[in-house]
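target_20.cif, holding mmCIF, C-alpha atoms; chains and numbers go by the auth columns:
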```cif
data_work
loop_
_atom_site.group_PDB
_atom_site.id
_atom_site.type_symbol
_atom_site.label_atom_id
_atom_site.label_comp_id
_atom_site.label_asym_id
_atom_site.label_seq_id
_atom_site.Cartn_x
_atom_site.Cartn_y
_atom_site.Cartn_z
_atom_site.B_iso_or_equiv
_atom_site.auth_seq_id
_atom_site.auth_asym_id
ATOM 1 C CA MET A 1 -2.417 56.296 164.741 0.00 1 I
ATOM 2 C CA THR A 2 -3.679 56.285 161.175 0.00 2 I
ATOM 3 C CA THR A 3 -6.845 54.406 160.320 0.00 3 I
ATOM 4 C CA SER A 4 -8.275 53.709 156.900 0.00 4 I
ATOM 5 C CA THR A 5 -11.839 54.778 157.643 0.00 5 I
ATOM 6 C CA HIS A 6 -12.181 58.141 159.384 0.00 6 I
ATOM 7 C CA TRP A 7 -13.273 56.781 162.764 0.00 7 I
ATOM 8 C CA GLN A 8 -12.005 59.821 164.646 0.00 8 I
ATOM 9 C CA LYS A 9 -13.609 62.603 162.636 0.00 9 I
ATOM 10 C CA THR A 10 -16.615 61.163 160.810 0.00 10 I
ATOM 11 C CA ALA A 11 -19.643 60.764 163.062 0.00 11 I
ATOM 12 C CA SER A 12 -21.677 58.965 160.398 0.00 12 I
ATOM 13 C CA VAL A 13 -19.149 56.128 160.285 0.00 13 I
ATOM 14 C CA ALA A 14 -19.314 55.590 164.036 0.00 14 I
ATOM 15 C CA ASP A 15 -23.111 55.839 164.031 0.00 15 I
ATOM 16 C CA GLY A 16 -23.433 53.362 161.165 0.00 16 I
ATOM 17 C CA PHE A 17 -21.033 50.932 162.800 0.00 17 I
ATOM 18 C CA ASP A 18 -23.062 51.132 166.003 0.00 18 I
ATOM 19 C CA ALA A 19 -26.302 50.474 164.082 0.00 19 I
ATOM 20 C CA TYR A 20 -24.814 47.399 162.374 0.00 20 I
ATOM 21 C CA ASP A 21 -26.270 44.152 163.772 0.00 21 I
ATOM 22 C CA ASP A 22 -23.198 42.128 164.728 0.00 22 I
ATOM 23 C CA LEU A 23 -25.121 38.855 164.937 0.00 23 I
ATOM 24 C CA PRO A 24 -22.408 36.638 163.382 0.00 24 I
ATOM 25 C CA GLU A 25 -19.844 38.142 165.746 0.00 25 I
ATOM 26 C CA ARG A 26 -22.102 37.484 168.736 0.00 26 I
ATOM 27 C CA LEU A 27 -22.770 33.896 167.723 0.00 27 I
ATOM 28 C CA ILE A 28 -19.373 32.865 166.367 0.00 28 I
ATOM 29 C CA GLY A 29 -16.585 35.355 166.998 0.00 29 I
ATOM 30 C CA TYR A 30 -16.876 36.880 170.451 0.00 30 I
ATOM 31 C CA PRO A 31 -17.638 33.627 172.326 0.00 31 I
ATOM 32 C CA ALA A 32 -14.475 32.114 170.820 0.00 32 I
ATOM 33 C CA VAL A 33 -12.429 35.132 171.934 0.00 33 I
ATOM 34 C CA PHE A 34 -13.831 34.916 175.456 0.00 34 I
ATOM 35 C CA ARG A 35 -12.999 31.197 175.661 0.00 35 I
ATOM 36 C CA ALA A 36 -9.483 31.782 174.386 0.00 36 I
ATOM 37 C CA LEU A 37 -8.862 34.448 177.035 0.00 37 I
ATOM 38 C CA GLY A 38 -10.552 32.645 179.926 0.00 38 I
ATOM 39 C CA ILE A 39 -13.093 35.418 180.454 0.00 39 I
ATOM 40 C CA GLY A 40 -15.508 34.313 183.138 0.00 40 I
ATOM 41 C CA THR A 41 -12.838 32.481 185.130 0.00 41 I
ATOM 42 C CA PRO A 42 -11.613 33.841 188.489 0.00 42 I
ATOM 43 C CA ALA A 43 -8.109 34.432 187.103 0.00 43 I
ATOM 44 C CA VAL A 44 -9.281 37.099 184.641 0.00 44 I
ATOM 45 C CA ARG A 45 -10.298 40.139 186.655 0.00 45 I
ATOM 46 C CA THR A 46 -9.058 42.954 184.391 0.00 46 I
ATOM 47 C CA VAL A 47 -9.644 42.947 180.633 0.00 47 I
ATOM 48 C CA LEU A 48 -8.371 45.406 178.051 0.00 48 I
ATOM 49 C CA ASP A 49 -10.665 45.963 175.056 0.00 49 I
ATOM 50 C CA TYR A 50 -8.270 47.792 172.746 0.00 50 I
ATOM 51 C CA GLY A 51 -10.295 49.471 170.008 0.00 51 I
ATOM 52 C CA CYS A 52 -13.585 49.182 171.866 0.00 52 I
ATOM 53 C CA GLY A 53 -15.652 51.178 169.358 0.00 53 I
ATOM 54 C CA PRO A 54 -19.207 51.837 170.603 0.00 54 I
ATOM 55 C CA GLY A 55 -18.828 49.516 173.596 0.00 55 I
ATOM 56 C CA LYS A 56 -20.705 46.438 172.390 0.00 56 I
ATOM 57 C CA VAL A 57 -17.927 43.965 173.181 0.00 57 I
ATOM 58 C CA ALA A 58 -17.061 45.576 176.511 0.00 58 I
ATOM 59 C CA THR A 59 -20.680 45.188 177.591 0.00 59 I
ATOM 60 C CA ARG A 60 -20.660 41.524 176.598 0.00 60 I
ATOM 61 C CA ILE A 61 -17.530 40.950 178.666 0.00 61 I
ATOM 62 C CA THR A 62 -19.401 42.102 181.753 0.00 62 I
ATOM 63 C CA GLU A 63 -22.268 39.765 180.835 0.00 63 I
ATOM 64 C CA ALA A 64 -19.865 36.829 180.488 0.00 64 I
ATOM 65 C CA SER A 65 -18.069 37.559 183.765 0.00 65 I
ATOM 66 C CA GLU A 66 -19.565 38.534 187.100 0.00 66 I
ATOM 67 C CA HIS A 67 -16.371 40.122 188.379 0.00 67 I
ATOM 68 C CA ALA A 68 -14.181 41.281 185.474 0.00 68 I
ATOM 69 C CA ARG A 69 -13.477 44.978 185.067 0.00 69 I
ATOM 70 C CA VAL A 70 -12.927 46.287 181.539 0.00 70 I
ATOM 71 C CA VAL A 71 -10.668 49.049 180.323 0.00 71 I
ATOM 72 C CA ALA A 72 -12.283 49.945 176.993 0.00 72 I
ATOM 73 C CA ALA A 73 -9.969 52.152 174.947 0.00 73 I
ATOM 74 C CA ASP A 74 -10.436 53.788 171.547 0.00 74 I
ATOM 75 C CA ILE A 75 -9.043 56.643 169.460 0.00 75 I
ATOM 76 C CA SER A 76 -12.459 57.893 168.307 0.00 76 I
ATOM 77 C CA PRO A 77 -14.270 60.489 170.436 0.00 77 I
ATOM 78 C CA ARG A 78 -17.585 59.732 168.683 0.00 78 I
ATOM 79 C CA MET A 79 -17.277 55.996 169.305 0.00 79 I
ATOM 80 C CA LEU A 80 -16.642 56.664 172.984 0.00 80 I
ATOM 81 C CA GLU A 81 -19.510 59.153 173.161 0.00 81 I
ATOM 82 C CA ILE A 82 -21.854 56.436 171.862 0.00 82 I
ATOM 83 C CA ALA A 83 -20.419 53.887 174.296 0.00 83 I
ATOM 84 C CA ARG A 84 -20.713 56.140 177.338 0.00 84 I
ATOM 85 C CA THR A 85 -24.239 57.230 176.396 0.00 85 I
ATOM 86 C CA HIS A 86 -25.771 53.919 175.361 0.00 86 I
ATOM 87 C CA ARG A 87 -23.637 51.322 177.162 0.00 87 I
ATOM 88 C CA PRO A 88 -22.502 52.686 180.519 0.00 88 I
ATOM 89 C CA HIS A 89 -21.558 50.067 183.077 0.00 89 I
ATOM 90 C CA PRO A 90 -19.974 50.336 186.536 0.00 90 I
ATOM 91 C CA ARG A 91 -17.307 47.790 185.566 0.00 91 I
ATOM 92 C CA VAL A 92 -16.379 49.410 182.248 0.00 92 I
ATOM 93 C CA ASP A 93 -13.922 52.307 182.116 0.00 93 I
ATOM 94 C CA TYR A 94 -14.060 53.996 178.709 0.00 94 I
ATOM 95 C CA GLN A 95 -10.839 55.793 177.832 0.00 95 I
ATOM 96 C CA GLN A 96 -9.685 57.742 174.800 0.00 96 I
ATOM 97 C CA ILE A 97 -6.151 56.998 173.665 0.00 97 I
ATOM 98 C CA ASP A 98 -3.863 58.935 171.335 0.00 98 I
ATOM 99 C CA SER A 99 -1.323 57.464 168.917 0.00 99 I
ATOM 100 C CA GLY A 100 -2.217 53.985 170.152 0.00 100 I
ATOM 101 C CA LYS A 101 -0.398 54.478 173.464 0.00 101 I
ATOM 102 C CA LEU A 102 -1.848 53.109 176.712 0.00 102 I
ATOM 103 C CA THR A 103 -0.324 55.697 179.015 0.00 103 I
ATOM 104 C CA LEU A 104 -3.184 55.132 181.470 0.00 104 I
ATOM 105 C CA LEU A 105 -2.027 51.571 182.193 0.00 105 I
ATOM 106 C CA ALA A 106 1.026 50.372 184.083 0.00 106 I
ATOM 107 C CA ASP A 107 3.285 47.534 183.035 0.00 107 I
ATOM 108 C CA ASP A 108 2.017 44.014 183.881 0.00 108 I
ATOM 109 C CA SER A 109 -1.388 45.303 185.044 0.00 109 I
ATOM 110 C CA ILE A 110 -3.933 43.513 182.809 0.00 110 I
ATOM 111 C CA ASP A 111 -5.116 39.883 182.954 0.00 111 I
ATOM 112 C CA ALA A 112 -6.332 39.560 179.331 0.00 112 I
ATOM 113 C CA ALA A 113 -6.556 41.749 176.235 0.00 113 I
ATOM 114 C CA MET A 114 -8.385 41.715 172.936 0.00 114 I
ATOM 115 C CA SER A 115 -8.542 43.733 169.734 0.00 115 I
ATOM 116 C CA CYS A 116 -11.635 43.253 167.575 0.00 116 I
ATOM 117 C CA TYR A 117 -11.573 44.830 164.124 0.00 117 I
ATOM 118 C CA VAL A 118 -8.456 46.839 164.902 0.00 118 I
ATOM 119 C CA PHE A 119 -5.693 45.374 162.740 0.00 119 I
ATOM 120 C CA ILE A 120 -7.757 45.595 159.550 0.00 120 I
ATOM 121 C CA ASN A 121 -8.328 49.303 160.217 0.00 121 I
ATOM 122 C CA VAL A 122 -4.636 50.143 160.496 0.00 122 I
ATOM 123 C CA ALA A 123 -2.949 51.051 157.249 0.00 123 I
ATOM 124 C CA GLU A 124 0.734 50.798 158.191 0.00 124 I
ATOM 125 C CA LEU A 125 2.533 47.652 159.303 0.00 125 I
ATOM 126 C CA PRO A 126 4.841 49.504 161.765 0.00 126 I
ATOM 127 C CA LEU A 127 1.739 50.709 163.638 0.00 127 I
ATOM 128 C CA LEU A 128 0.533 47.133 164.052 0.00 128 I
ATOM 129 C CA HIS A 129 3.868 46.314 165.640 0.00 129 I
ATOM 130 C CA GLU A 130 3.534 49.321 167.971 0.00 130 I
ATOM 131 C CA ILE A 131 0.038 48.281 169.052 0.00 131 I
ATOM 132 C CA ALA A 132 1.072 44.700 169.799 0.00 132 I
ATOM 133 C CA ALA A 133 4.149 45.862 171.726 0.00 133 I
ATOM 134 C CA GLU A 134 2.089 48.256 173.837 0.00 134 I
ATOM 135 C CA ILE A 135 -0.455 45.571 174.677 0.00 135 I
ATOM 136 C CA HIS A 136 2.353 43.147 175.518 0.00 136 I
ATOM 137 C CA ARG A 137 3.730 45.762 177.927 0.00 137 I
ATOM 138 C CA VAL A 138 0.539 46.136 179.944 0.00 138 I
ATOM 139 C CA LEU A 139 -0.288 42.425 180.185 0.00 139 I
ATOM 140 C CA ARG A 140 0.899 40.473 183.199 0.00 140 I
ATOM 141 C CA PRO A 141 3.143 37.449 182.584 0.00 141 I
ATOM 142 C CA GLY A 142 1.037 34.463 181.570 0.00 142 I
ATOM 143 C CA ALA A 143 -1.792 36.641 180.232 0.00 143 I
ATOM 144 C CA ARG A 144 -3.253 36.144 176.766 0.00 144 I
ATOM 145 C CA TYR A 145 -3.972 38.516 173.889 0.00 145 I
ATOM 146 C CA ALA A 146 -6.563 37.717 171.199 0.00 146 I
ATOM 147 C CA VAL A 147 -7.001 39.494 167.868 0.00 147 I
ATOM 148 C CA LEU A 148 -10.311 39.025 166.038 0.00 148 I
ATOM 149 C CA ASP A 149 -10.679 40.194 162.459 0.00 149 I
ATOM 150 C CA THR A 150 -12.545 39.164 159.359 0.00 150 I
ATOM 151 C CA ASN A 151 -10.879 36.057 157.992 0.00 151 I
ATOM 152 C CA PRO A 152 -8.387 36.877 155.217 0.00 152 I
ATOM 153 C CA ALA A 153 -9.033 33.405 153.763 0.00 153 I
ATOM 154 C CA THR A 154 -12.720 34.199 153.151 0.00 154 I
ATOM 155 C CA THR A 155 -12.337 37.686 151.708 0.00 155 I
ATOM 156 C CA GLY A 156 -15.086 38.439 149.167 0.00 156 I
ATOM 157 C CA ILE A 157 -17.660 35.991 150.545 0.00 157 I
ATOM 158 C CA ARG A 158 -21.079 37.453 151.331 0.00 158 I
ATOM 159 C CA PHE A 159 -21.960 36.576 154.896 0.00 159 I
ATOM 160 C CA SER A 160 -25.277 37.170 156.627 0.00 160 I
ATOM 161 C CA THR A 161 -24.650 40.785 157.604 0.00 161 I
ATOM 162 C CA PHE A 162 -21.442 41.880 155.858 0.00 162 I
ATOM 163 C CA ARG A 163 -18.980 41.434 153.023 0.00 163 I
ATOM 164 C CA SER A 164 -15.268 42.247 153.252 0.00 164 I
ATOM 165 C CA GLY A 165 -13.589 42.673 149.882 0.00 165 I
ATOM 166 C CA GLU A 166 -14.770 42.188 146.329 0.00 166 I
ATOM 167 C CA PRO A 167 -15.558 38.638 145.170 0.00 167 I
ATOM 168 C CA GLY A 168 -12.863 36.961 143.088 0.00 168 I
ATOM 169 C CA ARG A 169 -10.233 39.597 143.778 0.00 169 I
ATOM 170 C CA ASP A 170 -6.808 38.918 145.248 0.00 170 I
ATOM 171 C CA TYR A 171 -5.482 41.537 147.654 0.00 171 I
ATOM 172 C CA ALA A 172 -1.897 42.381 148.520 0.00 172 I
ATOM 173 C CA ALA A 173 -0.801 42.851 152.122 0.00 173 I
ATOM 174 C CA GLY A 174 -2.027 46.206 153.377 0.00 174 I
ATOM 175 C CA GLU A 175 -4.158 46.912 150.310 0.00 175 I
ATOM 176 C CA ARG A 176 -7.334 48.933 150.773 0.00 176 I
ATOM 177 C CA ARG A 177 -10.490 46.843 150.727 0.00 177 I
ATOM 178 C CA GLN A 178 -14.172 47.720 150.482 0.00 178 I
ATOM 179 C CA VAL A 179 -16.390 46.575 153.376 0.00 179 I
ATOM 180 C CA LEU A 180 -20.191 46.539 153.315 0.00 180 I
ATOM 181 C CA LEU A 181 -22.132 46.376 156.591 0.00 181 I
ATOM 182 C CA ASP A 182 -25.894 45.838 156.524 0.00 182 I
ATOM 183 C CA GLN A 183 -27.952 48.554 158.178 0.00 183 I
ATOM 184 C CA PRO A 184 -31.332 48.295 159.953 0.00 184 I
ATOM 185 C CA GLY A 185 -34.422 48.530 157.778 0.00 185 I
ATOM 186 C CA GLY A 186 -32.897 46.976 154.685 0.00 186 I
ATOM 187 C CA GLY A 187 -31.536 50.198 153.230 0.00 187 I
ATOM 188 C CA GLU A 188 -28.191 50.773 151.580 0.00 188 I
ATOM 189 C CA PRO A 189 -25.310 49.113 153.454 0.00 189 I
ATOM 190 C CA LEU A 190 -22.678 51.189 155.173 0.00 190 I
ATOM 191 C CA GLU A 191 -19.534 51.242 153.033 0.00 191 I
ATOM 192 C CA LEU A 192 -16.211 51.331 154.835 0.00 192 I
ATOM 193 C CA ILE A 193 -12.613 50.938 153.732 0.00 193 I
ATOM 194 C CA ASP A 194 -10.268 48.687 155.654 0.00 194 I
ATOM 195 C CA HIS A 195 -7.021 46.877 154.822 0.00 195 I
ATOM 196 C CA TYR A 196 -6.285 43.291 153.916 0.00 196 I
ATOM 197 C CA TRP A 197 -3.658 41.606 156.071 0.00 197 I
ATOM 198 C CA PRO A 198 -2.748 37.964 155.361 0.00 198 I
ATOM 199 C CA ARG A 199 -2.531 35.413 158.145 0.00 199 I
ATOM 200 C CA HIS A 200 1.246 35.565 158.390 0.00 200 I
ATOM 201 C CA THR A 201 1.086 39.296 159.194 0.00 201 I
ATOM 202 C CA TYR A 202 -0.814 38.573 162.414 0.00 202 I
ATOM 203 C CA LEU A 203 1.606 35.819 163.388 0.00 203 I
ATOM 204 C CA ASP A 204 4.652 37.956 162.595 0.00 204 I
ATOM 205 C CA VAL A 205 3.321 40.971 164.504 0.00 205 I
ATOM 206 C CA LEU A 206 2.454 39.039 167.653 0.00 206 I
ATOM 207 C CA THR A 207 5.712 37.107 167.557 0.00 207 I
ATOM 208 C CA GLY A 208 7.668 40.323 167.091 0.00 208 I
ATOM 209 C CA ALA A 209 6.009 41.814 170.178 0.00 209 I
ATOM 210 C CA GLY A 210 7.136 38.846 172.284 0.00 210 I
ATOM 211 C CA PHE A 211 4.000 36.717 172.346 0.00 211 I
ATOM 212 C CA THR A 212 4.483 32.953 172.284 0.00 212 I
ATOM 213 C CA GLY A 213 2.298 29.872 171.914 0.00 213 I
ATOM 214 C CA LEU A 214 0.381 31.439 169.048 0.00 214 I
ATOM 215 C CA THR A 215 -2.859 29.771 167.948 0.00 215 I
ATOM 216 C CA VAL A 216 -5.304 30.498 165.143 0.00 216 I
ATOM 217 C CA GLU A 217 -8.980 29.624 165.404 0.00 217 I
ATOM 218 C CA GLU A 218 -11.532 29.770 162.579 0.00 218 I
ATOM 219 C CA PRO A 219 -14.907 29.005 164.165 0.00 219 I
ATOM 220 C CA LEU A 220 -17.925 28.038 162.082 0.00 220 I
ATOM 221 C CA LEU A 221 -21.619 28.403 162.782 0.00 221 I
ATOM 222 C CA THR A 222 -22.956 25.096 164.119 0.00 222 I
ATOM 223 C CA ASP A 223 -26.667 26.010 164.168 0.00 223 I
ATOM 224 C CA PRO A 224 -27.822 27.190 160.721 0.00 224 I
ATOM 225 C CA SER A 225 -31.179 28.314 162.103 0.00 225 I
ATOM 226 C CA ALA A 226 -29.454 30.974 164.212 0.00 226 I
ATOM 227 C CA LEU A 227 -28.860 33.165 161.151 0.00 227 I
ATOM 228 C CA PRO A 228 -31.284 34.243 158.420 0.00 228 I
ATOM 229 C CA GLY A 229 -31.491 32.236 155.222 0.00 229 I
ATOM 230 C CA THR A 230 -31.658 28.525 154.516 0.00 230 I
ATOM 231 C CA ALA A 231 -27.903 28.004 154.165 0.00 231 I
ATOM 232 C CA PRO A 232 -25.927 30.868 155.691 0.00 232 I
ATOM 233 C CA ALA A 233 -22.353 31.069 154.452 0.00 233 I
ATOM 234 C CA GLU A 234 -21.097 30.976 158.034 0.00 234 I
ATOM 235 C CA THR A 235 -21.785 27.226 158.227 0.00 235 I
ATOM 236 C CA ALA A 236 -19.219 26.421 155.516 0.00 236 I
ATOM 237 C CA HIS A 237 -16.851 29.407 155.465 0.00 237 I
ATOM 238 C CA PRO A 238 -15.349 30.801 158.686 0.00 238 I
ATOM 239 C CA PRO A 239 -16.083 34.546 158.670 0.00 239 I
ATOM 240 C CA PHE A 240 -13.492 35.378 161.338 0.00 240 I
ATOM 241 C CA HIS A 241 -10.080 34.313 162.446 0.00 241 I
ATOM 242 C CA ILE A 242 -8.844 34.662 166.009 0.00 242 I
ATOM 243 C CA VAL A 243 -5.104 34.829 166.611 0.00 243 I
ATOM 244 C CA THR A 244 -4.061 34.401 170.237 0.00 244 I
ATOM 245 C CA GLY A 245 -0.706 34.628 171.982 0.00 245 I
ATOM 246 C CA VAL A 246 0.683 34.457 175.527 0.00 246 I
ATOM 247 C CA LYS A 247 3.017 36.859 177.311 0.00 247 I
ATOM 248 C CA GLN A 248 5.719 34.825 178.995 0.00 248 I
#
```

Entire entry expressed as structure tokens:
Amino acid sequence: MTTSTHWQKTASVADGFDAYDDLPERLIGYPAVFRALGIGTPAVRTVLDYGCGPGKVATRITEASEHARVVAADISPRMLEIARTHRPHPRVDYQQIDSGKLTLLADDSIDAAMSCYVFINVAELPLLHEIAAEIHRVLRPGARYAVLDTNPATTGIRFSTFRSGEPGRDYAAGERRQVLLDQPGGGEPLELIDHYWPRHTYLDVLTGAGFTGLTVEEPLLTDPSALPGTAPAETAHPPFHIVTGVKQ
């Protein structure tokens, strides 16, 4: 699977992404994903974190659920090395995948699945369709899949810890886009390259894979004091969108 930033081969990218303080995601994005998937309820006992990166989200799943087991899969050996070293957990199974295929999982074997910051790091639309189809395959009937990415409607806005895209610029579907992630200590931000996908791309991809009942959520920060600054952008502009579908 092709990605726009060299996650597989460039250790500095993985290390910088791990160092990034994902405070807005923790406050706004991930809780909304967990609610959408029913994580923490008895019905969700197996969770797929597709594109797990350095294991931050997988760890938070175990904190939100006393019983859920997580299959945390990624294409990057360095990301998985960080996850296994710094975030081991008896209920998290870190697995490297190739070409986006989940050969380690049987059909209808997973209770819920998520992809955080995966779609925006895939350059080709056919690969997005392949990913969604593979996740649809492994989910049991009635299970839900949630995709969290930076919100295409707020591209270019400077949020508390990141900026995706240049201010005032319009991007075409699939176009390369600069991303800046703040790093500890106030030094130069980590610069990445991802891809802009409009809202309809997410809806089309999930629909094409067979997901139904699609919903889109754009959560806002409700407590301004939770983020630095007197008026963080997250109170007025939703930094993320969460697209969720159900396997019938």

*Residues in the PyMOL selection byres ((chain I and resi 211) around 8), expressed as an MDAnalysis selection string*: chainID I and resid 136 206:210 212:214 245:248

Kindly assemble as JSON lines a list of the region 134-225 of chain I residues that lie within 12 Å of region 108-113 of chain I, each paired with its nearest atom pair and their distance in Å to one decimal, using all atoms listed in the file, sorted first by chain and then by ascending residue number.
```
{"residue": "I:Glu134", "atom": "CA", "partner": "I:Asp108", "partner_atom": "CA", "distance": 10.9}
{"residue": "I:Ile135", "atom": "CA", "partner": "I:Ala113", "partner_atom": "CA", "distance": 7.4}
{"residue": "I:His136", "atom": "CA", "partner": "I:Asp108", "partner_atom": "CA", "distance": 8.4}
{"residue": "I:Arg137", "atom": "CA", "partner": "I:Asp108", "partner_atom": "CA", "distance": 6.4}
{"residue": "I:Val138", "atom": "CA", "partner": "I:Asp108", "partner_atom": "CA", "distance": 4.7}
{"residue": "I:Leu139", "atom": "CA", "partner": "I:Ile110", "partner_atom": "CA", "distance": 4.6}
{"residue": "I:Arg140", "atom": "CA", "partner": "I:Asp108", "partner_atom": "CA", "distance": 3.8}
{"residue": "I:Pro141", "atom": "CA", "partner": "I:Asp108", "partner_atom": "CA", "distance": 6.8}
{"residue": "I:Gly142", "atom": "CA", "partner": "I:Asp111", "partner_atom": "CA", "distance": 8.3}
{"residue": "I:Ala143", "atom": "CA", "partner": "I:Asp111", "partner_atom": "CA", "distance": 5.4}
{"residue": "I:Arg144", "atom": "CA", "partner": "I:Ala112", "partner_atom": "CA", "distance": 5.3}
{"residue": "I:Tyr145", "atom": "CA", "partner": "I:Ala113", "partner_atom": "CA", "distance": 4.8}
{"residue": "I:Ala146", "atom": "CA", "partner": "I:Ala113", "partner_atom": "CA", "distance": 6.5}
{"residue": "I:Val147", "atom": "CA", "partner": "I:Ala113", "partner_atom": "CA", "distance": 8.7}
{"residue": "I:Leu148", "atom": "CA", "partner": "I:Ala113", "partner_atom": "CA", "distance": 11.2}
```

*Pull out every residue that the PyMOL selection byres ((chain I and resi 216-225) around 8) matches in the shown coordinates and put them as a PyMOL selection string.*
chain I and resi 27-29+32+151+214-215+226-232+234-244

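For the pair CA of Asp107 (chain I) and CA of Tyr50 (chain I), the interatomic distance is 15.5 Å.
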
*Using only C-alpha atoms, what residues lie at most 10 Å away from (-17.1, 55.5, 167.9) (file coordinates), given as a PyMOL selection string?*
chain I and resi 7-18+51-55+74-83

*Quick one: residues within 9 Å of region 120-130 of chain I, all atoms listed in the file counted, chain neighbours fewer than 4 positions away excluded, as a VMD selection string?*
chain I and resid 1 to 5 100 to 101 134 to 135 149 to 150 174 to 176 193 to 197 201 to 202 204 to 206 208 to 209

*asked:* If I take CA of Leu190 (chain I) and CA of Asp22 (chain I), how far is one from the other in Å, to one decimal?
replied: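 If I compute the distance from CA of Leu190 (chain I) to CA of Asp22 (chain I), I get 13.2 Å.
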
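Picture a line from CA of Lys56 (chain I) to CA of Tyr94 (chain I); it runs 11.9 Å.
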
_Hits of the PyMOL selection byres ((chain I and resi 167) around 7) in this structure, as a PyMOL selection string_ = chain I and resi 156-157+165-166+168-169

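Distances here use only C-alpha atoms; by that measure, the residue among I:Thr154, I:Thr62, I:Thr161, I:Thr41 closest to Val92 (chain I) is I:Thr62.
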
*Residue nearest Ile39 (chain I) among I:Thr59, I:Ser65, I:Thr103, I:Gln178 (counting all atoms listed in the file)*: I:Ser65

Using 5 Å of padding on each side, determine the axis-aligned box around all atoms of region 147-158 of chain I present in the file and give its centre and edge lengths in Å to one decimal, as lines of an AutoDock Vina configuration file.
```
center_x = -14.0
center_y = 36.8
center_z = 158.5
size_x = 24.1
size_y = 16.8
size_z = 28.7
```
